[in-house]
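Novice: What follows is start.txt, compact mmCIF, C-alpha atoms.
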# COMPACT_ATOMS: atom_id res chain seq x y z
CA MET C 114 0.00 0.00 0.00
CA SER C 115 1.28 3.46 -0.80
CA THR C 116 1.31 6.23 1.80
CA ALA C 117 -0.70 8.72 -0.29
CA GLY C 118 -3.78 8.31 1.89
CA GLY C 119 -2.00 8.70 5.23
CA ASP C 120 -4.21 7.27 7.98
CA ASN C 121 -7.26 7.07 5.68
CA PRO C 122 -6.78 4.35 3.04
CA ALA C 123 -9.85 5.60 1.14
CA LEU C 124 -7.82 8.66 0.14
CA ASP C 125 -5.08 6.51 -1.42
CA PRO C 126 -5.94 5.91 -5.10
CA ASP C 127 -3.87 2.70 -5.15
CA TRP C 128 -5.38 1.13 -2.02
CA GLU C 129 -7.32 -2.10 -2.54
CA SER C 130 -9.80 -3.51 -0.05
CA PRO C 131 -9.21 -6.82 1.71
CA ALA C 132 -12.07 -8.21 -0.40
CA ALA C 133 -10.27 -7.25 -3.63
CA MET C 134 -7.07 -8.79 -2.31
CA THR C 135 -8.94 -12.02 -1.51
CA LEU C 136 -10.05 -12.11 -5.16
CA GLY C 137 -6.42 -11.69 -6.26
CA LYS C 138 -7.13 -8.38 -7.97
CA GLN C 139 -4.27 -6.72 -9.86
CA VAL C 140 -4.93 -3.44 -11.66
CA LEU C 141 -3.62 -3.58 -15.23
CA GLU C 142 -4.89 -0.28 -16.62
CA LYS C 143 -7.05 2.63 -15.50
CA ASP C 144 -8.34 5.85 -17.01
CA SER C 145 -10.13 8.30 -14.74
CA GLU C 146 -11.29 10.50 -17.63
CA ARG C 147 -13.22 7.61 -19.17
CA GLY C 148 -14.08 5.91 -15.88
CA TYR C 149 -12.36 2.74 -17.10
CA ILE C 150 -10.53 -0.04 -15.28
CA LYS C 151 -8.87 -3.25 -16.44
CA ALA C 152 -7.80 -5.78 -13.81
CA SER C 153 -6.97 -9.44 -13.43
CA PHE C 154 -8.19 -11.82 -10.74
CA ILE C 155 -6.91 -15.19 -9.61
CA ALA C 156 -9.60 -17.83 -9.02
CA GLY C 157 -8.00 -20.52 -6.89
CA ASP C 158 -9.04 -23.87 -5.43
CA ASN C 159 -11.07 -22.14 -2.72
CA PHE C 160 -13.32 -20.50 -5.36
CA VAL C 161 -14.67 -23.78 -6.79
CA ASN C 162 -18.28 -24.92 -6.45
CA ARG C 163 -19.54 -28.52 -6.33
CA GLY C 164 -19.52 -28.68 -10.13
CA GLY C 165 -15.83 -27.86 -10.34
CA ARG C 166 -16.38 -24.37 -11.74
CA ILE C 167 -15.87 -20.98 -10.12
CA PHE C 168 -18.75 -20.20 -7.75
CA GLY C 169 -20.96 -17.46 -9.23
CA GLY C 170 -20.77 -15.35 -6.09
CA PHE C 171 -17.06 -14.84 -6.64
CA LEU C 172 -17.66 -13.80 -10.25
CA SER C 173 -20.33 -11.35 -9.07
CA ALA C 174 -17.92 -9.91 -6.51
CA MET C 175 -15.30 -9.41 -9.23
CA LEU C 176 -17.83 -7.63 -11.45
CA ASP C 177 -19.02 -5.45 -8.56
CA GLY C 178 -15.42 -4.55 -7.82
CA LEU C 179 -14.74 -3.60 -11.43
CA CYS C 180 -17.87 -1.45 -11.67
CA GLY C 181 -17.17 0.19 -8.31
CA HIS C 182 -13.56 0.90 -9.18
CA ALA C 183 -14.59 2.48 -12.49
CA VAL C 184 -17.03 4.77 -10.66
CA ARG C 185 -14.45 5.58 -7.95
CA LEU C 186 -12.06 6.79 -10.65
CA THR C 187 -14.54 9.51 -11.66
CA HIS C 188 -14.84 11.14 -8.22
CA GLU C 189 -13.61 14.73 -8.09
CA LYS C 190 -12.81 14.41 -4.38
CA PRO C 191 -10.75 11.38 -3.25
CA GLY C 192 -12.50 9.27 -0.63
CA THR C 193 -16.02 10.16 -1.78
CA PRO C 194 -18.24 7.41 -0.39
CA GLN C 195 -20.22 5.17 -2.71
CA VAL C 196 -22.35 2.08 -2.31
CA THR C 197 -23.73 -0.46 -4.75
CA LEU C 198 -27.52 -0.13 -4.95
CA GLU C 199 -28.09 -2.85 -7.53
CA LEU C 200 -25.96 -5.47 -9.28
CA LYS C 201 -27.09 -7.65 -12.17
CA THR C 202 -24.87 -10.53 -13.23
CA SER C 203 -25.19 -12.69 -16.34
CA PHE C 204 -23.15 -15.90 -16.40
CA VAL C 205 -22.49 -16.56 -20.07
CA GLY C 206 -19.51 -18.91 -20.23
CA ARG C 207 -17.51 -21.51 -18.39
CA ALA C 208 -15.43 -20.14 -15.51
CA ASP C 209 -12.57 -22.42 -14.50
CA GLN C 210 -9.78 -21.92 -11.99
CA GLY C 211 -6.99 -19.59 -12.98
CA LYS C 212 -6.63 -16.05 -14.19
CA LEU C 213 -9.62 -13.97 -15.24
CA VAL C 214 -9.29 -10.54 -16.83
CA GLY C 215 -12.01 -7.97 -16.43
CA GLU C 216 -12.86 -4.53 -17.71
CA GLY C 217 -15.24 -2.06 -16.12
CA TRP C 218 -16.51 1.29 -17.34
CA VAL C 219 -18.92 4.02 -16.31
CA ARG C 220 -21.91 4.27 -18.65
CA HIS C 221 -23.45 7.35 -16.98
CA ARG C 222 -22.47 9.46 -14.02
CA GLY C 223 -24.69 11.99 -12.31
CA ARG C 224 -24.16 13.97 -9.12
CA SER C 225 -25.45 11.24 -6.81
CA ILE C 226 -26.04 8.15 -9.01
CA ALA C 227 -23.76 6.29 -11.42
CA PHE C 228 -24.31 3.38 -13.78
CA ALA C 229 -21.45 1.05 -14.69
CA GLU C 230 -20.87 -2.18 -16.61
CA ALA C 231 -18.17 -4.84 -16.52
CA GLU C 232 -17.08 -8.03 -18.29
CA LEU C 233 -14.91 -10.95 -17.20
CA ARG C 234 -12.98 -13.14 -19.63
CA ASN C 235 -10.89 -16.26 -19.20
CA GLU C 236 -7.25 -16.44 -20.30
CA ALA C 237 -8.34 -17.50 -23.80
CA GLY C 238 -10.40 -14.30 -24.09
CA ASP C 239 -13.78 -16.01 -23.88
CA LEU C 240 -16.54 -14.06 -22.12
CA VAL C 241 -17.39 -15.71 -18.79
CA ALA C 242 -19.71 -13.18 -17.13
CA LYS C 243 -20.94 -9.64 -17.48
CA GLY C 244 -22.66 -7.30 -15.12
CA SER C 245 -24.21 -3.92 -14.64
CA ALA C 246 -24.49 -1.93 -11.45
CA THR C 247 -26.07 1.19 -10.02
CA PHE C 248 -24.19 3.18 -7.39
CA LYS C 249 -25.22 5.84 -4.88
CA ILE C 250 -22.50 8.46 -4.60
CA GLY C 251 -21.96 10.55 -1.47
CA THR C 252 -23.64 10.40 1.90
Since I need it in another form, could you write the structure as structure tokens?
Specialist:
Amino acid sequence: MSTAGGDNPALDPDWESPAAMTLGKQVLEKDSERGYIKASFIAGDNFVNRGGRIFGGFLSAMLDGLCGHAVRLTHEKPGTPQVTLELKTSFVGRADQGKLVGEGWVRHRGRSIAFAEAELRNEAGDLVAKGSATFKIGT
């Protein structure tokens, strides 16, 4: 973690939550002007469901994290609070253990509400899941 945020990690633009770290998130690219984020995740043995695939809840968490990070990049004031109001996930492909790469982007940003979308792909580039989310910005 960098020291940019001092005692408040929310002010540090490079800080990742313990949840993101659990998902093995690594930021690959970001663009605050576009509200865009690209990141990889590592889905390990502890992410597998009874069918041998990645449990959908983990995929949803990755998508929520991508959408939220994209929205966070658009805040004028660092540390502006936000919360997910709604998350829709569509599971469209096979999700096996290993590396997943995701992209998230802001579709619309207002003063207090933002809409974002995200996609997750396996290492071969096949679409695994996509999601859309609505966020409340501020207190």
Novice: For Thr252 (chain C), work out the shell of residues within 12 Å, counting only C-alpha atoms and skipping chain neighbours fewer than 5 positions away, then give it as a list in words.
Specialist: Gly192, Thr193, Pro194, Gln195, Val196, Arg224, Ser225 and Ile226 of chain C
Novice: If we count all atoms listed in the file and set the cut-off at 8 Å, which residues sit around Asn235 (chain C), ignoring sequence neighbours fewer than 2 positions away in its own chain? Please answer as an MDAnalysis selection string.
Specialist: chainID C and resid 208:209 212:214 233 237:241
Novice: Looking at only C-alpha atoms, which of C:Ile167, C:Ala229, C:Ala183, C:Leu136 is the one that sits closest to Ile155 (chain C)?
Specialist: C:Leu136
Novice: Closest to His182 (chain C) among C:Ala242, C:Glu199, C:His221, C:Glu216, using all atoms listed in the file?
Specialist: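 Of all the options, C:Glu216 lies closest to His182 (chain C).
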Novice: Return as lines of an AutoDock Vina configuration file the box centre and box size in Å, one decimal, for an axis-aligned box around all listed atoms of region 190-205 of chain C padded by 8 Å per side.
Specialist:
center_x = -19.4
center_y = -1.1
center_z = -10.2
size_x = 33.3
size_y = 47.0
size_z = 35.7
Novice: So which one's closest to Ser173 (chain C), C:Ser153, C:Ser245, C:Thr202, C:Ser145? Using all atoms listed in the file, please.
Specialist: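 Going through C:Ser153, C:Ser245, C:Thr202, C:Ser145 one by one, the smallest distance to Ser173 (chain C) is for C:Thr202.
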Novice: Out of C:Glu230, C:Pro191, C:Gly211, C:Met175, which residue has the shortest atom-to-atom distance to Met134 (chain C) when counting all atoms listed in the file?
Specialist: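 Going through C:Glu230, C:Pro191, C:Gly211, C:Met175 one by one, the smallest distance to Met134 (chain C) is for C:Met175.
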Novice: Counting only C-alpha atoms, which residues of region 166-230 of chain C fall within 12 Å of region 129-133 of chain C, and what is the closest atom pair for each with its distance in Å at one decimal, ordered by chain and rising number, as JSON lines?
Specialist:
{"residue": "C:Phe171", "atom": "CA", "partner": "C:Ala132", "partner_atom": "CA", "distance": 10.4}
{"residue": "C:Leu172", "atom": "CA", "partner": "C:Ala133", "partner_atom": "CA", "distance": 11.9}
{"residue": "C:Ala174", "atom": "CA", "partner": "C:Ala133", "partner_atom": "CA", "distance": 8.6}
{"residue": "C:Met175", "atom": "CA", "partner": "C:Ala133", "partner_atom": "CA", "distance": 7.8}
{"residue": "C:Leu176", "atom": "CA", "partner": "C:Ala133", "partner_atom": "CA", "distance": 10.9}
{"residue": "C:Asp177", "atom": "CA", "partner": "C:Ala133", "partner_atom": "CA", "distance": 10.2}
{"residue": "C:Gly178", "atom": "CA", "partner": "C:Ala133", "partner_atom": "CA", "distance": 7.2}
{"residue": "C:Leu179", "atom": "CA", "partner": "C:Ala133", "partner_atom": "CA", "distance": 9.7}
{"residue": "C:Gly181", "atom": "CA", "partner": "C:Ala133", "partner_atom": "CA", "distance": 11.2}
{"residue": "C:His182", "atom": "CA", "partner": "C:Glu129", "partner_atom": "CA", "distance": 9.6}
{"residue": "C:Arg185", "atom": "CA", "partner": "C:Glu129", "partner_atom": "CA", "distance": 11.8}
Novice: Write a file of the just-selected residues containing C-alpha atoms, as a CSV table (one decimal), in the frame of the given file.
Specialist:
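Saved to out04.csv:
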chain,number,residue,atom,x,y,z
C,171,PHE,CA,-17.1,-14.8,-6.6
C,172,LEU,CA,-17.7,-13.8,-10.2
C,174,ALA,CA,-17.9,-9.9,-6.5
C,175,MET,CA,-15.3,-9.4,-9.2
C,176,LEU,CA,-17.8,-7.6,-11.4
C,177,ASP,CA,-19.0,-5.4,-8.6
C,178,GLY,CA,-15.4,-4.6,-7.8
C,179,LEU,CA,-14.7,-3.6,-11.4
C,181,GLY,CA,-17.2,0.2,-8.3
C,182,HIS,CA,-13.6,0.9,-9.2
C,185,ARG,CA,-14.4,5.6,-8.0
Novice: From the set C:Gly215, C:Gly206, C:Arg147, C:Gly157, which residue has the shortest atom-to-atom contact distance to Thr187 (chain C), counting all atoms listed in the file?
Specialist: C:Arg147
